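S.K.: File follows, data.tsv with TSV, C-alpha atoms and all ligand atoms:
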```
chain	number	residue	atom	x	y	z
A	1	MET	CA	-0.77	15.30	-17.13
A	2	THR	CA	-4.29	16.27	-18.25
A	3	GLY	CA	-4.93	15.10	-21.83
A	4	THR	CA	-6.69	11.76	-22.07
A	5	GLY	CA	-4.48	10.78	-25.00
A	6	ASP	CA	-1.47	11.41	-22.76
A	7	LEU	CA	-2.97	9.27	-20.02
A	8	ARG	CA	-3.49	6.38	-22.40
A	9	ALA	CA	-0.06	6.73	-24.00
A	10	VAL	CA	1.78	6.73	-20.65
A	11	LEU	CA	-0.31	3.84	-19.34
A	12	ASP	CA	0.44	1.81	-22.49
A	13	THR	CA	4.19	2.27	-22.25
A	14	GLN	CA	4.77	2.49	-18.49
A	15	GLY	CA	1.83	0.52	-17.09
A	16	PHE	CA	0.99	3.30	-14.62
A	17	VAL	CA	0.26	7.00	-14.60
A	18	LEU	CA	-0.35	9.54	-11.85
A	19	VAL	CA	-3.36	11.89	-12.05
A	20	PRO	CA	-2.39	14.65	-9.61
A	21	ASP	CA	-4.95	16.62	-7.60
A	22	ALA	CA	-7.89	14.51	-8.77
A	23	LEU	CA	-9.64	15.44	-5.51
A	24	SER	CA	-9.25	18.56	-3.40
A	25	PRO	CA	-8.46	18.44	0.35
A	26	ALA	CA	-12.10	19.40	1.01
A	27	GLN	CA	-13.27	16.40	-1.02
A	28	VAL	CA	-10.82	13.97	0.58
A	29	ALA	CA	-11.61	14.90	4.20
A	30	PRO	CA	-15.16	13.41	4.41
A	31	LEU	CA	-14.02	10.30	2.53
A	32	ALA	CA	-11.17	9.77	4.98
A	33	GLU	CA	-13.59	10.17	7.88
A	34	ALA	CA	-16.05	7.65	6.39
A	35	VAL	CA	-13.21	5.19	5.76
A	36	ASP	CA	-12.03	5.55	9.36
A	37	SER	CA	-15.52	4.74	10.65
A	38	ALA	CA	-15.53	1.55	8.55
A	39	LEU	CA	-12.01	0.68	9.72
A	40	ALA	CA	-13.26	0.96	13.31
A	41	SER	CA	-16.04	-1.56	12.58
A	42	ALA	CA	-16.01	-5.34	12.85
A	43	THR	CA	-15.65	-5.80	9.07
A	44	ALA	CA	-12.06	-4.48	8.98
A	45	TYR	CA	-9.01	-6.74	8.74
A	46	ARG	CA	-6.74	-6.26	11.75
A	47	ARG	CA	-3.17	-6.90	12.76
A	48	GLY	CA	-1.88	-6.20	16.28
A	49	GLY	CA	-5.08	-4.37	17.10
A	50	SER	CA	-4.71	-2.08	14.09
A	51	ALA	CA	-7.20	-2.13	11.20
A	52	TYR	CA	-5.36	-2.21	7.88
A	53	ALA	CA	-7.78	-3.35	5.17
A	54	LEU	CA	-11.40	-3.45	4.06
A	55	ARG	CA	-12.89	-5.65	1.35
A	56	GLY	CA	-16.08	-4.86	-0.57
A	57	LEU	CA	-15.34	-1.20	0.10
A	58	LEU	CA	-18.19	0.12	-2.04
A	59	ASP	CA	-20.67	-1.78	0.12
A	60	VAL	CA	-19.24	-0.71	3.45
A	61	VAL	CA	-18.51	2.94	2.60
A	62	PRO	CA	-21.37	4.44	0.53
A	63	GLU	CA	-19.42	7.69	0.19
A	64	ILE	CA	-16.79	5.79	-1.83
A	65	ALA	CA	-19.53	4.16	-3.95
A	66	ARG	CA	-20.90	7.61	-4.81
A	67	LEU	CA	-17.40	8.81	-5.62
A	68	ALA	CA	-16.74	5.78	-7.84
A	69	TYR	CA	-19.66	6.78	-10.04
A	70	SER	CA	-19.01	10.52	-9.99
A	71	SER	CA	-17.77	12.14	-13.17
A	72	ARG	CA	-14.63	13.24	-11.32
A	73	LEU	CA	-13.47	9.69	-10.81
A	74	ARG	CA	-15.00	8.24	-13.95
A	75	ALA	CA	-13.35	10.73	-16.30
A	76	PRO	CA	-9.85	9.20	-16.20
A	77	VAL	CA	-11.25	5.65	-16.09
A	78	GLU	CA	-13.54	6.19	-19.07
A	79	ALA	CA	-10.66	7.75	-20.98
A	80	ILE	CA	-9.00	4.33	-20.81
A	81	LEU	CA	-11.84	1.78	-20.63
A	82	GLY	CA	-14.76	3.63	-22.22
A	83	PRO	CA	-18.23	4.42	-20.86
A	84	ASN	CA	-19.13	0.88	-19.75
A	85	ALA	CA	-16.43	0.66	-17.09
A	86	VAL	CA	-17.65	-0.68	-13.73
A	87	VAL	CA	-15.91	-1.40	-10.44
A	88	VAL	CA	-15.38	-5.15	-10.13
A	89	ARG	CA	-13.41	-5.23	-6.87
A	90	SER	CA	-12.96	-2.56	-4.20
A	91	LEU	CA	-10.55	-2.56	-1.28
A	92	LEU	CA	-8.96	-0.20	1.17
A	93	PHE	CA	-5.36	-0.57	2.36
A	94	ASP	CA	-3.75	1.25	5.27
A	95	LYS	CA	-0.28	0.96	6.77
A	96	THR	CA	0.03	1.78	10.44
A	97	PRO	CA	2.72	1.27	13.11
A	98	ASP	CA	0.96	-2.00	14.12
A	99	ALA	CA	0.13	-3.15	10.61
A	100	ASN	CA	3.28	-2.16	8.76
A	101	TRP	CA	3.05	-4.82	6.08
A	102	LYS	CA	5.05	-5.55	2.95
A	103	VAL	CA	4.22	-7.22	-0.34
A	104	PRO	CA	6.82	-8.91	-2.58
A	105	TRP	CA	7.06	-8.27	-6.32
A	106	HIS	CA	3.99	-9.64	-8.05
A	107	GLN	CA	1.35	-9.11	-10.72
A	108	ASP	CA	-2.35	-8.94	-9.81
A	109	ARG	CA	-3.44	-12.10	-11.59
A	110	THR	CA	-6.85	-12.93	-10.17
A	111	ILE	CA	-10.39	-11.62	-10.37
A	112	ALA	CA	-13.20	-12.11	-7.84
A	113	VAL	CA	-16.31	-13.87	-9.17
A	114	ARG	CA	-19.73	-14.81	-7.74
A	115	GLU	CA	-19.33	-18.56	-8.22
A	116	ARG	CA	-17.12	-21.11	-9.89
A	117	ARG	CA	-18.05	-22.04	-13.48
A	118	GLU	CA	-15.60	-23.80	-15.74
A	119	ALA	CA	-14.53	-21.62	-18.68
A	120	ASP	CA	-11.71	-21.92	-21.19
A	121	GLY	CA	-8.50	-20.26	-19.99
A	122	PHE	CA	-9.83	-19.63	-16.45
A	123	GLY	CA	-7.88	-21.21	-13.56
A	124	PRO	CA	-6.44	-21.94	-11.08
A	125	TRP	CA	-9.30	-21.22	-8.66
A	126	SER	CA	-9.03	-20.16	-5.02
A	127	VAL	CA	-11.20	-18.82	-2.21
A	128	LYS	CA	-10.09	-15.71	-0.28
A	129	ALA	CA	-12.16	-14.32	2.59
A	130	GLY	CA	-15.04	-16.52	1.42
A	131	VAL	CA	-14.96	-15.10	-2.13
A	132	THR	CA	-14.18	-17.22	-5.20
A	133	HIS	CA	-11.17	-15.99	-7.13
A	134	VAL	CA	-9.78	-17.20	-10.44
A	135	GLN	CA	-6.90	-16.41	-12.75
A	136	PRO	CA	-8.46	-15.32	-16.06
A	137	PRO	CA	-6.62	-15.24	-19.41
A	138	ALA	CA	-3.92	-12.54	-19.40
A	139	ALA	CA	-5.75	-10.73	-22.23
A	140	LEU	CA	-8.66	-10.04	-19.89
A	141	LEU	CA	-6.39	-8.54	-17.21
A	142	GLU	CA	-4.72	-6.44	-19.92
A	143	ARG	CA	-8.08	-4.76	-20.53
A	144	MET	CA	-8.60	-3.94	-16.83
A	145	LEU	CA	-7.52	-0.90	-14.88
A	146	THR	CA	-6.73	-0.37	-11.19
A	147	LEU	CA	-7.34	3.05	-9.67
A	148	ARG	CA	-5.61	3.91	-6.39
A	149	LEU	CA	-6.90	7.04	-4.69
A	150	HIS	CA	-4.53	8.32	-2.01
A	151	LEU	CA	-6.21	9.66	1.12
A	152	ASP	CA	-2.84	10.38	2.78
A	153	PRO	CA	0.42	11.70	1.34
A	154	CYS	CA	2.78	8.88	0.49
A	155	ASP	CA	6.50	9.05	-0.20
A	156	GLU	CA	9.67	6.96	0.26
A	157	SER	CA	9.18	7.03	4.04
A	158	ASN	CA	5.76	5.42	4.43
A	159	GLY	CA	5.81	2.28	2.33
A	160	PRO	CA	4.85	3.49	-1.14
A	161	LEU	CA	3.96	1.22	-4.00
A	162	ARG	CA	7.01	0.39	-6.14
A	163	VAL	CA	6.60	-0.62	-9.76
A	164	LEU	CA	8.73	-1.87	-12.63
A	165	PRO	CA	7.72	0.33	-15.57
A	166	GLY	CA	6.83	-1.58	-18.74
A	167	SER	CA	6.59	-4.98	-17.02
A	168	HIS	CA	2.85	-5.21	-17.80
A	169	ARG	CA	3.50	-5.89	-21.47
A	170	GLY	CA	4.74	-9.48	-21.29
A	171	GLY	CA	1.59	-11.27	-20.12
A	172	PHE	CA	1.93	-13.56	-17.11
A	173	LEU	CA	5.55	-13.61	-15.94
A	174	SER	CA	7.21	-16.73	-14.51
A	175	PRO	CA	9.20	-16.49	-11.25
A	176	GLY	CA	12.40	-16.46	-13.36
A	177	GLN	CA	11.09	-13.63	-15.53
A	178	ILE	CA	10.11	-11.65	-12.43
A	179	ARG	CA	13.62	-12.13	-11.05
A	180	ALA	CA	15.10	-11.02	-14.37
A	181	TRP	CA	12.93	-7.86	-14.34
A	182	ARG	CA	14.06	-7.05	-10.79
A	183	GLU	CA	17.70	-7.47	-11.68
A	184	ARG	CA	17.62	-5.58	-14.99
A	185	GLY	CA	19.91	-2.58	-14.74
A	186	ASP	CA	17.92	-0.71	-17.38
A	187	ALA	CA	14.62	-1.17	-15.56
A	188	PRO	CA	14.52	1.45	-12.81
A	189	LYS	CA	12.11	0.69	-9.98
A	190	SER	CA	9.73	3.60	-9.64
A	191	CYS	CA	8.43	4.74	-6.30
A	192	CYS	CA	4.84	5.89	-6.66
A	193	SER	CA	4.89	8.93	-4.39
A	194	ALA	CA	1.60	10.73	-4.20
A	195	ARG	CA	-0.12	13.54	-2.40
A	196	SER	CA	-3.48	13.26	-0.72
A	197	GLY	CA	-6.11	13.48	-3.49
A	198	ASP	CA	-3.83	12.09	-6.21
A	199	ILE	CA	-4.87	9.05	-8.20
A	200	LEU	CA	-2.57	6.37	-9.55
A	201	LEU	CA	-3.88	4.39	-12.51
A	202	MET	CA	-2.15	1.09	-13.17
A	203	ARG	CA	-2.50	-2.08	-15.21
A	204	PRO	CA	-2.94	-5.20	-13.02
A	205	LEU	CA	-0.10	-7.04	-14.74
A	206	LEU	CA	2.45	-4.34	-13.88
A	207	LEU	CA	5.02	-5.81	-11.46
A	208	HIS	CA	4.58	-4.08	-8.10
A	209	ALA	CA	5.68	-4.42	-4.48
A	210	SER	CA	5.70	-2.43	-1.30
A	211	SER	CA	7.95	-2.34	1.78
A	212	PRO	CA	7.13	-1.60	5.38
A	213	ALA	CA	7.06	2.13	6.12
A	214	GLU	CA	10.28	3.53	7.59
A	215	ARG	CA	8.20	6.14	9.41
A	216	PRO	CA	4.85	4.43	9.81
A	217	GLY	CA	1.86	6.70	10.16
A	218	ARG	CA	-1.23	6.38	8.01
A	219	ARG	CA	-1.18	5.37	4.33
A	220	ARG	CA	-4.80	4.96	3.33
A	221	VAL	CA	-5.35	3.97	-0.30
A	222	VAL	CA	-8.72	3.31	-1.94
A	223	HIS	CA	-8.09	0.52	-4.44
A	224	LEU	CA	-10.72	0.10	-7.19
A	225	GLU	CA	-10.42	-2.44	-10.01
A	226	TRP	CA	-12.39	-1.63	-13.15
A	227	ALA	CA	-13.44	-3.64	-16.20
A	228	ALA	CA	-15.63	-2.82	-19.17
A	229	GLY	CA	-17.17	-6.09	-20.19
A	230	ASP	CA	-19.07	-9.14	-19.00
A	231	LEU	CA	-17.25	-12.38	-18.30
A	232	PRO	CA	-17.74	-15.42	-20.59
A	233	GLU	CA	-19.61	-18.70	-19.94
A	234	GLY	CA	-22.00	-17.25	-17.36
A	235	LEU	CA	-19.20	-16.19	-15.00
A	236	GLU	CA	-20.08	-13.02	-13.10
A	237	TRP	CA	-17.90	-10.40	-11.46
A	238	HIS	CA	-18.22	-10.62	-7.68
A	239	GLU	CA	-18.74	-6.91	-7.19
A	240	ALA	CA	-19.84	-5.60	-10.56
A	241	ARG	CA	-22.47	-3.01	-10.16
A	242	ARG	CA	-24.04	-0.73	-12.65
A	243	ASP	CA	-24.53	2.62	-11.00
A	244	ARG	CA	-27.19	1.37	-8.48
A	245	GLY	CA	-28.67	4.83	-8.45
A	246	VAL	CA	-25.55	6.49	-7.16
A	247	ARG	CA	-24.47	8.14	-10.43
A	248	GLU	CA	-24.18	11.93	-10.06
A	301	LIG	O1	-0.76	-0.93	-1.44
A	301	LIG	C1	0.30	-1.56	-1.49
A	301	LIG	O2	1.31	-1.12	-1.00
A	301	LIG	C2	0.39	-2.90	-2.17
A	301	LIG	C3	-0.89	-3.33	-2.79
A	301	LIG	C4	-0.73	-4.54	-3.62
A	301	LIG	O3	0.26	-5.20	-3.62
A	301	LIG	C5	-1.77	-4.94	-4.53
A	301	LIG	O4	-2.73	-4.20	-4.69
A	301	LIG	O5	-1.66	-6.02	-5.14
```
Write the structure described by the file as structure tokens, please.

M.R.:
Amino acid sequence: MTGTGDLRAVLDTQGFVLVPDALSPAQVAPLAEAVDSALASATAYRRGGSAYALRGLLDVVPEIARLAYSSRLRAPVEAILGPNAVVVRSLLFDKTPDANWKVPWHQDRTIAVRERREADGFGPWSVKAGVTHVQPPAALLERMLTLRLHLDPCDESNGPLRVLPGSHRGGFLSPGQIRAWRERGDAPKSCCSARSGDILLMRPLLLHASSPAERPGRRRVVHLEWAAGDLPEGLEWHEARRDRGVRE
């Protein structure tokens, strides 16, 4: 899968697309090391002594910030969102023997903003880890893109992301509609296996889930959410950054 037209076409119909070998092993190694240093720090989220997540990843791992604005990573994003795409939320997820978590089927329905300001179609509001989150209109999420860079190989055995292809096209789904999607015989659940250095692009409204790893080891994923426009009514993205001098 190399053509940008192909990327866009698959993303439109399936809601996700794999970009294999986006980074070489030599490029992944220093990123994985930098991520591990941040996971060892006090900012990491922990379970049973094991660090499994980082928020505000671009702030805590400058190597990932530089990567996010490198042409290598921007090329597939710009093919979908255009040249004004910026990272609006950045996270790292790991699964380990101590933090072998699962996530039920859901759509990513919220964005992180700097502060609450009433705006048409925005709500409900919530606060997670001290950051204001809100559900925007579905049309806004439909114009966003999530990029998941795999630092470790991931297959059926270590808790891969599972998706329901095409489920991003119906806007916000009710619990009943989500159940119907899960039970549809003609809607195969896809397991998003990936090798280290592969990138998965996905639409936030695609139904996704993940199970605990059967053979837990490491499963480090850099999760970057991108958008290409400002928010209305003076709302501001929590993490939006122009290149802050890190563009290659
Ligand atoms: O990384 C995973 O396995 C799940 C992540 C997830 O559910 C999400 O990004 O909303």

S.K.: Select, from A:Pro25, A:Gly170, A:Gly5, A:Gly159, the residue with the minimum atom-to-atom distance to ligand LIG 301 (chain A), counting only C-alpha atoms and all ligand atoms.

M.R.: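 The answer is A:Gly159, which sits nearest to ligand LIG 301 (chain A).
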
S.K.: Between atom CA of A:Val61 and atom CA of A:Val222, what is the distance in Å, rounded to a tenth?

M.R.: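 Rounded to one decimal, the two atoms are 10.8 Å apart.
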
S.K.: Residues within 9 Å of ligand LIG 301 (chain A), counting only C-alpha atoms and all ligand atoms: report them as a list of chain:residue names.

M.R.: A:Leu91, A:Leu92, A:Phe93, A:Asp94, A:Lys95, A:Trp101, A:Lys102, A:Val103, A:Pro104, A:Trp105, A:His106, A:Gln107, A:Asp108, A:Thr146, A:Arg148, A:Gly159, A:Pro160, A:Leu161, A:Arg162, A:Pro204, A:His208, A:Ala209, A:Ser210, A:Ser211, A:Pro212, A:Arg219, A:Arg220, A:Val221, A:His223

S.K.: Rank A:Arg47, A:Arg182, A:Arg66, A:Arg218 by their smallest atom-to-atom distance to A:Arg241, using only C-alpha atoms, and report the top residue only.

M.R.: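 Among the listed residues, the smallest separation from A:Arg241 belongs to A:Arg66.
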
S.K.: Work out how far apart atom CA of A:Gly121 and atom CA of A:Pro137 are and give it in Å to one decimal.

M.R.: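 It comes out at 5.4 Å.
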
S.K.: By how many Å are atom CA of A:His168 and atom CA of A:Ala65 apart?

M.R.: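 Value for the atom CA of A:His168-atom CA of A:Ala65 distance: 27.9 Å.
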
S.K.: Counting all atoms listed in the file, which residue out of A:Val60, A:Ala79, A:Leu145, A:Ala138 sits closest to A:Gly15?

M.R.: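 Looking only at the distances to A:Gly15, the closest residue turns out to be A:Leu145.
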
S.K.: Applying 7 Å and only C-alpha atoms, which residues near A:Ala32 remain after dropping the ones on its own chain fewer than 4 positions away? List them as a PDB file with C-alpha atoms, in the coordinates of the input.

M.R.:
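Everything below was put into selection.pdb:
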```
ATOM      1  CA  VAL A  28     -10.820  13.970   0.580  1.00  0.00           C
ATOM      2  CA  ASP A  36     -12.030   5.550   9.360  1.00  0.00           C
ATOM      3  CA  LEU A 151      -6.210   9.660   1.120  1.00  0.00           C
TER       4      LEU A 151
END
```

S.K.: For the point (0.4, -2.7, 15.0) in file coordinates, what residues are within 8 Å, counting only C-alpha atoms? Give the answer as a list in words?

M.R.: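 Those within range, by chain then number, are Arg47, Gly48, Gly49, Ser50, Thr96, Pro97, Asp98, Ala99 and Asn100 of chain A.
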
S.K.: May I have the protein, DNA and RNA residues with an atom at most 9 Å from (12.5, 6.2, -1.8), counting only C-alpha atoms in the file's coordinates, returned as JSON, numbers by chain?

M.R.: {"A": [155, 156, 157, 159, 160, 190, 191, 193]}

S.K.: Would you save the residues from that selection as an mmCIF file, in the frame of the given file, using C-alpha atoms?

M.R.:
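Saved to again35.cif:
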```
data_model
loop_
_atom_site.group_PDB
_atom_site.id
_atom_site.type_symbol
_atom_site.label_atom_id
_atom_site.label_comp_id
_atom_site.auth_asym_id
_atom_site.auth_seq_id
_atom_site.Cartn_x
_atom_site.Cartn_y
_atom_site.Cartn_z
ATOM 1 C CA ASP A 155 6.500 9.050 -0.200
ATOM 2 C CA GLU A 156 9.670 6.960 0.260
ATOM 3 C CA SER A 157 9.180 7.030 4.040
ATOM 4 C CA GLY A 159 5.810 2.280 2.330
ATOM 5 C CA PRO A 160 4.850 3.490 -1.140
ATOM 6 C CA SER A 190 9.730 3.600 -9.640
ATOM 7 C CA CYS A 191 8.430 4.740 -6.300
ATOM 8 C CA SER A 193 4.890 8.930 -4.390
#
```

S.K.: Just checking: using all atoms listed in the file, which residue out of A:Thr132, A:Ser126, A:Gln14, A:Ser41 ends up closest to A:Trp237?

M.R.: A:Thr132

S.K.: Which neighbours of A:Ala38 fall inside 12 Å, counting only C-alpha atoms, when residues of the same chain fewer than 2 positions from it are skipped, and could you give them as a list in words?

M.R.: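 That gives Leu31, Ala32, Glu33, Ala34, Val35, Asp36, Ala40, Ser41, Ala42, Thr43, Ala44, Tyr45, Ala51, Tyr52, Ala53, Leu54, Arg55, Gly56, Leu57, Leu58, Asp59, Val60, Val61, Pro62, Glu63, Ile64, Leu91 and Leu92 of chain A.
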
S.K.: Can you rebuild stretch 52-87 of chain A with N, CA and C atoms and give it as a short mmCIF file (atom, residue, chain, number, x, y, z; two decimals), in the coordinates of the input?

M.R.:
```cif
data_model
loop_
_atom_site.label_atom_id
_atom_site.label_comp_id
_atom_site.auth_asym_id
_atom_site.auth_seq_id
_atom_site.Cartn_x
_atom_site.Cartn_y
_atom_site.Cartn_z
N TYR A 52 -6.20 -2.58 9.03
CA TYR A 52 -5.36 -2.21 7.88
C TYR A 52 -6.00 -2.46 6.52
N ALA A 53 -7.18 -3.09 6.48
CA ALA A 53 -7.78 -3.35 5.17
C ALA A 53 -9.29 -3.52 5.29
N LEU A 54 -9.96 -3.19 4.18
CA LEU A 54 -11.40 -3.45 4.06
C LEU A 54 -11.62 -4.08 2.70
N ARG A 55 -12.48 -5.07 2.64
CA ARG A 55 -12.89 -5.65 1.35
C ARG A 55 -14.32 -5.21 1.06
N GLY A 56 -14.71 -5.27 -0.21
CA GLY A 56 -16.08 -4.86 -0.57
C GLY A 56 -16.33 -3.42 -0.14
N LEU A 57 -15.32 -2.58 -0.41
CA LEU A 57 -15.34 -1.20 0.10
C LEU A 57 -16.59 -0.42 -0.33
N LEU A 58 -17.04 -0.65 -1.56
CA LEU A 58 -18.19 0.12 -2.04
C LEU A 58 -19.45 -0.21 -1.26
N ASP A 59 -19.50 -1.42 -0.70
CA ASP A 59 -20.67 -1.78 0.12
C ASP A 59 -20.57 -1.21 1.51
N VAL A 60 -19.34 -1.14 2.05
CA VAL A 60 -19.24 -0.71 3.45
C VAL A 60 -19.05 0.80 3.60
N VAL A 61 -18.65 1.47 2.53
CA VAL A 61 -18.51 2.94 2.60
C VAL A 61 -19.27 3.57 1.42
N PRO A 62 -20.55 3.89 1.63
CA PRO A 62 -21.37 4.44 0.53
C PRO A 62 -20.77 5.70 -0.08
N GLU A 63 -20.04 6.47 0.73
CA GLU A 63 -19.42 7.69 0.19
C GLU A 63 -18.43 7.34 -0.93
N ILE A 64 -17.74 6.20 -0.78
CA ILE A 64 -16.79 5.79 -1.83
C ILE A 64 -17.56 5.27 -3.05
N ALA A 65 -18.71 4.62 -2.82
CA ALA A 65 -19.53 4.16 -3.95
C ALA A 65 -20.00 5.36 -4.77
N ARG A 66 -20.44 6.41 -4.07
CA ARG A 66 -20.90 7.61 -4.81
C ARG A 66 -19.74 8.22 -5.59
N LEU A 67 -18.57 8.25 -4.94
CA LEU A 67 -17.40 8.81 -5.62
C LEU A 67 -17.04 7.99 -6.86
N ALA A 68 -17.15 6.66 -6.74
CA ALA A 68 -16.74 5.78 -7.84
C ALA A 68 -17.58 6.03 -9.09
N TYR A 69 -18.80 6.54 -8.88
CA TYR A 69 -19.66 6.78 -10.04
C TYR A 69 -19.83 8.27 -10.30
N SER A 70 -18.98 9.08 -9.70
CA SER A 70 -19.01 10.52 -9.99
C SER A 70 -18.17 10.78 -11.24
N SER A 71 -18.51 11.85 -11.94
CA SER A 71 -17.77 12.14 -13.17
C SER A 71 -16.29 12.41 -12.86
N ARG A 72 -16.03 12.92 -11.68
CA ARG A 72 -14.63 13.24 -11.32
C ARG A 72 -13.75 11.99 -11.36
N LEU A 73 -14.28 10.91 -10.82
CA LEU A 73 -13.47 9.69 -10.81
C LEU A 73 -13.60 8.92 -12.12
N ARG A 74 -14.79 9.01 -12.73
CA ARG A 74 -15.00 8.24 -13.95
C ARG A 74 -14.23 8.81 -15.14
N ALA A 75 -13.97 10.11 -15.12
CA ALA A 75 -13.35 10.73 -16.30
C ALA A 75 -12.06 10.02 -16.70
N PRO A 76 -11.08 9.87 -15.77
CA PRO A 76 -9.85 9.20 -16.20
C PRO A 76 -10.06 7.72 -16.52
N VAL A 77 -11.01 7.08 -15.82
CA VAL A 77 -11.25 5.65 -16.09
C VAL A 77 -11.87 5.47 -17.47
N GLU A 78 -12.87 6.31 -17.77
CA GLU A 78 -13.54 6.19 -19.07
C GLU A 78 -12.60 6.54 -20.22
N ALA A 79 -11.63 7.41 -19.92
CA ALA A 79 -10.66 7.75 -20.98
C ALA A 79 -9.89 6.50 -21.40
N ILE A 80 -9.76 5.55 -20.51
CA ILE A 80 -9.00 4.33 -20.81
C ILE A 80 -9.93 3.19 -21.21
N LEU A 81 -11.00 2.97 -20.44
CA LEU A 81 -11.84 1.78 -20.63
C LEU A 81 -13.15 2.05 -21.36
N GLY A 82 -13.50 3.32 -21.56
CA GLY A 82 -14.76 3.63 -22.22
C GLY A 82 -15.91 3.74 -21.22
N PRO A 83 -17.11 4.07 -21.73
CA PRO A 83 -18.23 4.42 -20.86
C PRO A 83 -18.84 3.26 -20.08
N ASN A 84 -18.51 2.02 -20.45
CA ASN A 84 -19.13 0.88 -19.75
C ASN A 84 -18.31 0.38 -18.56
N ALA A 85 -17.30 1.13 -18.19
CA ALA A 85 -16.43 0.66 -17.09
C ALA A 85 -17.21 0.57 -15.77
N VAL A 86 -17.04 -0.53 -15.06
CA VAL A 86 -17.65 -0.68 -13.73
C VAL A 86 -16.58 -1.17 -12.76
N VAL A 87 -16.82 -0.90 -11.48
CA VAL A 87 -15.91 -1.40 -10.44
C VAL A 87 -16.20 -2.88 -10.24
#
```
